[in-house]
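Asks: For reference, this is final.txt, and it has compact mmCIF, C-alpha atoms.
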# COMPACT_ATOMS: atom_id res chain seq x y z
CA MET A 1 -69.63 71.37 -39.28
CA ASP A 2 -73.38 71.40 -39.93
CA VAL A 3 -75.57 70.21 -37.08
CA HIS A 4 -79.33 69.63 -37.07
CA PHE A 5 -81.18 71.55 -34.34
CA TYR A 6 -84.72 71.79 -33.03
CA LYS A 7 -86.42 74.76 -31.40
CA TYR A 8 -88.84 74.02 -28.52
CA GLN A 9 -90.81 76.20 -26.14
CA GLY A 10 -92.55 75.52 -22.84
CA ALA A 11 -94.92 78.31 -21.79
CA GLY A 12 -92.79 80.76 -23.74
CA ASN A 13 -89.49 79.59 -22.23
CA ASP A 14 -87.63 78.67 -25.45
CA PHE A 15 -84.67 76.42 -26.14
CA ILE A 16 -82.39 75.11 -28.86
CA LEU A 17 -82.10 71.31 -28.70
CA ILE A 18 -79.48 69.11 -30.33
CA ASP A 19 -79.38 65.32 -30.45
CA HIS A 20 -75.83 64.72 -29.21
CA ARG A 21 -75.94 60.91 -28.99
CA SER A 22 -73.81 60.43 -32.12
CA SER A 23 -72.84 64.03 -32.87
CA PRO A 24 -69.25 64.82 -33.92
CA ILE A 25 -69.22 67.84 -31.57
CA LYS A 26 -66.50 67.20 -28.98
CA ASP A 27 -65.65 70.50 -27.28
CA ILE A 28 -68.47 72.93 -26.51
CA ASP A 29 -67.64 76.49 -27.63
CA TYR A 30 -69.35 78.69 -25.03
CA GLU A 31 -69.14 81.77 -27.23
CA ARG A 32 -70.86 79.89 -30.04
CA VAL A 33 -73.62 78.81 -27.65
CA LYS A 34 -74.09 82.45 -26.62
CA GLN A 35 -74.26 83.55 -30.25
CA LEU A 36 -76.81 80.89 -31.17
CA CYS A 37 -79.04 81.95 -28.27
CA ASP A 38 -78.83 85.62 -29.30
CA ARG A 39 -82.18 86.83 -30.67
CA ARG A 40 -80.60 89.13 -33.27
CA PHE A 41 -77.48 87.28 -34.37
CA GLY A 42 -78.52 83.66 -33.82
CA ILE A 43 -81.53 81.38 -33.56
CA GLY A 44 -82.71 83.02 -30.34
CA ALA A 45 -83.39 81.13 -27.11
CA ASP A 46 -83.30 81.24 -23.32
CA GLY A 47 -80.86 78.32 -23.40
CA LEU A 48 -79.36 75.47 -25.41
CA MET A 49 -79.48 71.76 -24.56
CA PHE A 50 -77.68 68.67 -25.74
CA LEU A 51 -79.45 65.32 -25.40
CA THR A 52 -76.68 62.78 -24.81
CA ALA A 53 -76.58 59.03 -24.24
CA HIS A 54 -76.16 57.62 -20.73
CA PRO A 55 -75.58 53.97 -19.78
CA GLU A 56 -77.97 53.99 -16.80
CA TYR A 57 -80.73 56.38 -17.93
CA ASP A 58 -82.83 56.97 -21.04
CA PHE A 59 -80.69 60.03 -21.77
CA GLU A 60 -78.75 62.86 -20.14
CA MET A 61 -79.62 66.56 -20.34
CA LEU A 62 -76.73 69.01 -20.74
CA TYR A 63 -77.98 72.58 -20.33
CA PHE A 64 -76.33 75.90 -21.22
CA ASN A 65 -77.68 79.34 -20.33
CA ALA A 66 -78.18 82.03 -22.95
CA ASP A 67 -74.91 83.62 -21.80
CA GLY A 68 -73.13 80.50 -23.05
CA ARG A 69 -72.18 79.09 -19.68
CA PRO A 70 -73.25 75.71 -18.25
CA GLY A 71 -76.40 76.20 -16.19
CA SER A 72 -78.09 74.68 -13.17
CA MET A 73 -81.35 72.76 -13.57
CA CYS A 74 -83.92 74.27 -15.92
CA GLY A 75 -87.45 73.00 -15.30
CA ASN A 76 -89.09 74.05 -18.53
CA GLY A 77 -85.96 72.96 -20.38
CA GLY A 78 -86.36 69.58 -18.72
CA ARG A 79 -89.94 69.34 -19.93
CA CYS A 80 -88.92 70.35 -23.45
CA ILE A 81 -86.09 67.82 -23.67
CA VAL A 82 -88.52 65.08 -22.57
CA ALA A 83 -90.83 66.07 -25.45
CA PHE A 84 -87.78 66.07 -27.72
CA ALA A 85 -86.79 62.58 -26.58
CA LYS A 86 -90.29 61.34 -27.38
CA HIS A 87 -90.06 62.95 -30.83
CA LEU A 88 -86.76 61.12 -31.40
CA GLY A 89 -88.38 57.82 -30.40
CA ILE A 90 -86.13 57.30 -27.36
CA ILE A 91 -89.07 57.20 -24.92
CA ASP A 92 -92.85 56.88 -25.01
CA LYS A 93 -95.14 57.53 -22.03
CA GLU A 94 -92.56 58.01 -19.25
CA THR A 95 -88.85 58.41 -18.72
CA ASP A 96 -86.01 58.49 -16.24
CA PHE A 97 -83.20 60.83 -17.30
CA LEU A 98 -80.20 62.52 -15.73
CA ALA A 99 -79.76 66.28 -15.31
CA VAL A 100 -77.21 68.42 -13.50
CA ASP A 101 -79.13 68.17 -10.20
CA GLY A 102 -79.58 64.39 -10.42
CA PRO A 103 -82.12 61.92 -11.82
CA HIS A 104 -85.59 63.02 -12.94
CA TYR A 105 -88.75 61.11 -13.74
CA ALA A 106 -91.36 62.44 -16.19
CA ARG A 107 -94.73 61.46 -17.61
CA ILE A 108 -95.61 62.34 -21.21
CA SER A 109 -99.02 62.78 -22.83
CA GLU A 110 -99.94 60.65 -25.84
CA LYS A 111 -99.38 63.58 -28.20
CA GLY A 112 -96.10 64.39 -26.47
CA ASN A 113 -96.93 68.05 -25.83
CA TRP A 114 -97.84 67.95 -22.12
CA ILE A 115 -95.07 66.96 -19.72
CA GLU A 116 -95.24 66.33 -15.98
CA LEU A 117 -91.67 66.54 -14.68
CA GLN A 118 -90.70 65.43 -11.19
CA MET A 119 -88.44 67.94 -9.45
CA ILE A 120 -86.12 67.41 -6.49
CA ASP A 121 -87.43 67.06 -2.94
CA LEU A 122 -86.91 70.08 -0.68
CA ASP A 123 -86.64 70.62 3.06
CA THR A 124 -84.68 73.88 3.41
CA ILE A 125 -86.19 77.35 2.97
CA THR A 126 -84.58 80.49 4.39
CA ARG A 127 -85.70 84.10 4.57
CA ASP A 128 -84.19 87.34 3.32
CA GLY A 129 -86.43 89.97 4.85
CA GLU A 130 -89.90 89.41 3.39
CA ALA A 131 -88.54 87.10 0.68
CA TYR A 132 -88.16 83.31 0.70
CA VAL A 133 -84.89 81.81 -0.59
CA LEU A 134 -84.73 78.18 -1.72
CA ASN A 135 -83.19 75.83 -4.26
CA THR A 136 -85.45 73.80 -6.56
CA GLY A 137 -82.59 72.67 -8.81
CA SER A 138 -81.60 76.32 -9.25
CA PRO A 139 -81.44 79.03 -6.55
CA HIS A 140 -84.51 81.25 -6.21
CA TYR A 141 -85.60 84.39 -4.43
CA VAL A 142 -89.39 84.69 -4.04
CA ILE A 143 -91.25 87.82 -2.95
CA GLN A 144 -94.88 88.87 -3.17
CA GLN A 145 -95.74 91.93 -5.23
CA GLN A 146 -99.05 93.70 -5.82
CA ASP A 147 -100.10 94.97 -9.27
CA LEU A 148 -97.44 92.69 -10.75
CA ILE A 149 -98.54 93.17 -14.35
CA HIS A 150 -97.32 96.79 -14.16
CA PHE A 151 -94.25 96.11 -12.01
CA ASP A 152 -90.71 96.84 -13.29
CA VAL A 153 -89.47 93.24 -13.11
CA TYR A 154 -86.33 93.86 -15.16
CA ASN A 155 -84.80 96.63 -13.10
CA GLN A 156 -86.01 95.42 -9.70
CA GLY A 157 -85.02 91.82 -10.43
CA LYS A 158 -81.64 92.86 -11.79
CA ALA A 159 -80.95 94.92 -8.67
CA ILE A 160 -81.66 91.96 -6.36
CA ARG A 161 -79.73 89.47 -8.51
CA ASN A 162 -76.69 91.77 -8.46
CA ASN A 163 -76.79 92.96 -4.84
CA THR A 164 -73.91 92.15 -2.47
CA THR A 165 -75.62 89.00 -1.18
CA TYR A 166 -76.22 87.32 -4.53
CA GLN A 167 -73.91 88.94 -7.07
CA GLU A 168 -71.13 86.34 -6.98
CA ASN A 169 -73.21 83.22 -7.61
CA GLY A 170 -76.37 84.88 -8.92
CA ILE A 171 -79.97 84.06 -8.10
CA ASN A 172 -83.25 83.92 -9.99
CA VAL A 173 -85.69 86.54 -8.75
CA ASN A 174 -89.41 85.69 -8.73
CA PHE A 175 -92.22 88.15 -8.07
CA VAL A 176 -95.61 86.62 -7.28
CA GLU A 177 -99.15 87.95 -6.93
CA ASP A 178 -101.72 85.66 -5.32
CA GLN A 179 -104.89 86.04 -7.41
CA GLY A 180 -106.99 83.60 -5.42
CA ASP A 181 -107.56 80.70 -7.81
CA HIS A 182 -104.00 80.92 -9.18
CA LEU A 183 -100.61 82.55 -8.71
CA PHE A 184 -99.31 85.08 -11.23
CA VAL A 185 -95.51 84.92 -11.49
CA ARG A 186 -92.85 86.94 -13.29
CA THR A 187 -89.16 86.02 -13.13
CA PHE A 188 -85.80 87.69 -13.75
CA GLU A 189 -83.43 84.83 -14.66
CA ARG A 190 -79.71 84.72 -14.05
CA GLY A 191 -77.80 83.45 -17.08
CA VAL A 192 -80.35 85.10 -19.35
CA GLU A 193 -79.99 88.32 -17.33
CA ASP A 194 -83.46 89.40 -18.29
CA GLU A 195 -87.09 88.60 -17.61
CA THR A 196 -88.23 85.39 -19.31
CA TYR A 197 -91.75 84.38 -20.27
CA ALA A 198 -91.60 81.47 -17.82
CA CYS A 199 -89.21 79.76 -15.42
CA GLY A 200 -89.96 76.19 -14.39
CA THR A 201 -87.76 75.94 -11.30
CA GLY A 202 -88.99 79.47 -10.49
CA VAL A 203 -92.71 78.70 -10.46
CA THR A 204 -91.91 75.55 -8.47
CA ALA A 205 -90.08 77.68 -5.91
CA VAL A 206 -92.97 80.13 -5.81
CA ALA A 207 -95.63 77.46 -5.25
CA ILE A 208 -93.58 75.91 -2.45
CA SER A 209 -92.90 79.31 -0.86
CA ILE A 210 -96.57 80.29 -0.87
CA ALA A 211 -97.54 76.93 0.66
CA LYS A 212 -94.96 77.53 3.38
CA HIS A 213 -96.23 81.08 3.86
CA LYS A 214 -99.85 79.89 4.22
CA ASN A 215 -98.93 76.88 6.39
CA GLN A 216 -100.60 74.52 3.93
CA ILE A 217 -100.16 70.80 4.64
CA GLY A 218 -100.98 67.72 2.56
CA HIS A 219 -101.28 67.24 -1.20
CA ILE A 220 -101.24 70.67 -2.83
CA GLN A 221 -102.03 71.63 -6.43
CA THR A 222 -101.13 75.15 -7.51
CA PRO A 223 -102.18 76.65 -10.88
CA VAL A 224 -99.69 79.28 -12.05
CA LYS A 225 -99.97 81.87 -14.80
CA VAL A 226 -96.82 83.30 -16.40
CA LEU A 227 -96.37 85.64 -19.35
CA GLY A 228 -96.05 82.62 -21.66
CA GLY A 229 -99.07 80.63 -20.50
CA ASP A 230 -100.30 78.29 -17.79
CA LEU A 231 -98.38 75.82 -15.62
CA LYS A 232 -99.32 73.64 -12.65
CA ILE A 233 -97.25 72.60 -9.63
CA THR A 234 -98.22 69.65 -7.43
CA PHE A 235 -96.46 68.35 -4.32
CA ASP A 236 -96.91 66.81 -0.90
CA TYR A 237 -95.91 68.72 2.24
CA ASP A 238 -95.87 67.17 5.72
CA GLY A 239 -94.71 70.31 7.53
CA LYS A 240 -91.05 69.38 7.19
CA GLN A 241 -90.36 68.24 3.65
CA PHE A 242 -91.75 68.86 0.17
CA THR A 243 -91.90 65.61 -1.82
CA ASN A 244 -93.48 64.27 -5.03
CA VAL A 245 -92.93 67.70 -6.58
CA PHE A 246 -94.13 67.89 -10.19
CA LEU A 247 -93.87 70.73 -12.70
CA CYS A 248 -96.63 70.27 -15.28
CA GLY A 249 -97.18 72.14 -18.51
CA PRO A 250 -96.95 72.33 -22.31
CA ALA A 251 -93.86 71.65 -24.41
CA GLU A 252 -94.09 72.35 -28.13
CA ARG A 253 -91.74 71.87 -31.09
CA VAL A 254 -91.57 75.19 -32.97
CA PHE A 255 -89.24 74.53 -35.92
CA GLU A 256 -85.99 72.80 -36.92
CA GLY A 257 -83.04 73.50 -39.17
CA GLU A 258 -79.30 73.31 -39.73
CA ILE A 259 -76.57 75.34 -38.06
CA THR A 260 -72.81 75.44 -38.24
CA PHE A 261 -71.34 74.60 -34.85
As structure tokens - that is how I would like this structure written.
Replies:
Amino acid sequence: MDVHFYKYQGAGNDFILIDHRSSPIKDIDYERVKQLCDRRFGIGADGLMFLTAHPEYDFEMLYFNADGRPGSMCGNGGRCIVAFAKHLGIIDKETDFLAVDGPHYARISEKGNWIELQMIDLDTITRDGEAYVLNTGSPHYVIQQQDLIHFDVYNQGKAIRNNTTYQENGINVNFVEDQGDHLFVRTFERGVEDETYACGTGVTAVAISIAKHKNQIGHIQTPVKVLGGDLKITFDYDGKQFTNVFLCGPAERVFEGEITF
């Protein structure tokens, strides 16, 4: 059957989006999802999302990784599906929607291309040597790295993601360089199994980890640069819990078309 799709990107993190509220698609073919996300044999994307109806929320976000399998929370995907929902006329200036890690609130700019997405609260951070390990909707490993622009993120990130500690469930590996007025972040993502241009839950995890590392308390705003552009993380930290966590950044519609699903 032919299905209309939209392609969105948020700081270079790109996604296929399908309005699934009245779609005839019943069973999701994981191999077909994988093929559609393939950059040579499909549309090409870091993931695919279905926007579905929900009786208690504006909509529900169903997310699949580029490997075809259902994924954990995707921050930039969440921002993109909010922009998509505005495009469809489901929402206007704000929304409450449901994702795999629970409810999310978001604010939308008038033009619909800047989204501020509230992430889950966090109170647990562990250490793995010099790295911080935490879950911001997806599991993340955060470690500081000098001269990050020239660092081999693919091979080093792949090695950590597949080591004996993390191989079974996988983990997203974030390398961060503190450049004073902003953080520069590069991420190897599980499910994509490659470096992506941005990772929303990843930059959120990085900003929180650096605040923890620096013993910062209060309302914190952290500008972040990734390969795909600029993002901003804001949150409150009282020394025990991170709350009012927002992932802020662009979300743009790239093109649309028809596919056979």
Asks: Write out as a VMD selection string each polymer residue whose atoms come within 12 Å of segment 99-106 of chain A, counting all atoms listed in the file; drop sequence neighbours fewer than 3 positions from it.
Replies: chain A and resid 49 to 54 56 to 64 70 to 75 77 to 83 85 to 86 91 to 96 109 112 114 to 121 135 to 139 201 244 to 249
Asks: Would you mind telling me which residue in A:Asn76, A:Ser22, A:Asn65, A:Gln241 lies nearest to Asp38 of chain A when using only C-alpha atoms?
Replies: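 The shortest atom-to-atom distance to Asp38 of chain A comes from A:Asn65.
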Asks: I'd like the contact shell of Gly229 of chain A - 9 Å cut-off, all atoms listed in the file, skipping same-chain residues fewer than 6 positions apart - returned as a list in words.
Replies: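 Everything that qualifies: Gly10, Ala11, Gly12, Tyr197, Ala198, Gly249 and Pro250 of chain A.
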Asks: Closest to Phe84 of chain A among A:Arg127, A:Lys232, A:Lys7, A:His182, using only C-alpha atoms?
Replies: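 Using only C-alpha atoms, Phe84 of chain A sits closest to A:Lys7.
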Asks: Between A:Glu193, A:Glu256, A:Asp19, A:Glu177, which has the minimum distance to Val226 of chain A (counting only C-alpha atoms)?
Replies: A:Glu177
Asks: What gap, in Å, lies between atom CA of Thr204 of chain A and atom CA of Ala45 of chain A?
Replies: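 That distance, rounded to one decimal, is 21.2 Å.
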Asks: Pick out the closest residue to Phe175 of chain A from this set: A:Thr124, A:Thr234, A:Ser209, A:Asn162. Count all atoms listed in the file.
Replies: A:Ser209
Asks: With a distance cut-off of 9 Å and only C-alpha atoms, select the neighbouring residues of Val224 of chain A, excluding the residue or stretch itself and same-chain residues fewer than 5 positions from it, and output the selection as a list in words.
Replies: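 Everything that qualifies: His182, Leu183, Phe184, Val185, Val203, Ala207, Gly229, Asp230, Leu231, Lys232 and Ile233 of chain A.
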Asks: Atoms to include: C-alpha atoms. Write the selected residues as a JSON list (two decimals), keeping the file's coordinate frame.
Replies:
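See out_3.json below for the written result:
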[["chain", "number", "residue", "atom", "x", "y", "z"],
["A", 182, "HIS", "CA", -104.00, 80.92, -9.18],
["A", 183, "LEU", "CA", -100.61, 82.55, -8.71],
["A", 184, "PHE", "CA", -99.31, 85.08, -11.23],
["A", 185, "VAL", "CA", -95.51, 84.92, -11.49],
["A", 203, "VAL", "CA", -92.71, 78.70, -10.46],
["A", 207, "ALA", "CA", -95.63, 77.46, -5.25],
["A", 229, "GLY", "CA", -99.07, 80.63, -20.50],
["A", 230, "ASP", "CA", -100.30, 78.29, -17.79],
["A", 231, "LEU", "CA", -98.38, 75.82, -15.62],
["A", 232, "LYS", "CA", -99.32, 73.64, -12.65],
["A", 233, "ILE", "CA", -97.25, 72.60, -9.63]]
Asks: What's the separation between atom CA of Leu36 of chain A and atom CA of Gln9 of chain A, in Å to one decimal place?
Replies: 15.6 Å
Asks: Kindly give the distance, in Å, that separates atom CA of Tyr6 of chain A and atom CA of Gly257 of chain A, rounded to a single decimal.
Replies: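 Going from atom CA of Tyr6 of chain A over to atom CA of Gly257 of chain A, I get 6.6 Å.
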Asks: Check the smallest atom-to-atom distance from each of A:Gly170, A:Leu48, A:Glu252, A:Leu122 to Gly239 of chain A using all atoms listed in the file, then report the winner.
Replies: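 The closest residue to Gly239 of chain A is A:Leu122.
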Asks: Would you give the centre and edge lengths, in Å to one decimal, of a box along x, y and z around the listed atoms of segment 217-229 of chain A, with 8 Å added to each side, as lines of an AutoDock Vina configuration file?
Replies:
center_x = -99.1
center_y = 76.4
center_z = -8.5
size_x = 22.1
size_y = 34.4
size_z = 42.3
Asks: Taking all atoms listed in the file into account, which of A:Arg161, A:Thr126, A:Gln146, A:Gly191 comes nearest His213 of chain A?
Replies: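 Nearest to His213 of chain A: A:Thr126.
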Asks: Please, which residues are within 12 Å of (-80.0, 91.8, -3.7) by the file's coordinates, counting only C-alpha atoms, and could they come as a list in words?
Replies: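 The requested residues, written out, are Asp128, Gly129, Ala131, Val133, His140, Tyr141, Val142, Ile143, Asn155, Gln156, Gly157, Lys158, Ala159, Ile160, Arg161, Asn162, Asn163, Thr164, Thr165, Tyr166, Gln167, Glu168, Asn169, Gly170, Ile171, Asn172 and Val173 of chain A.
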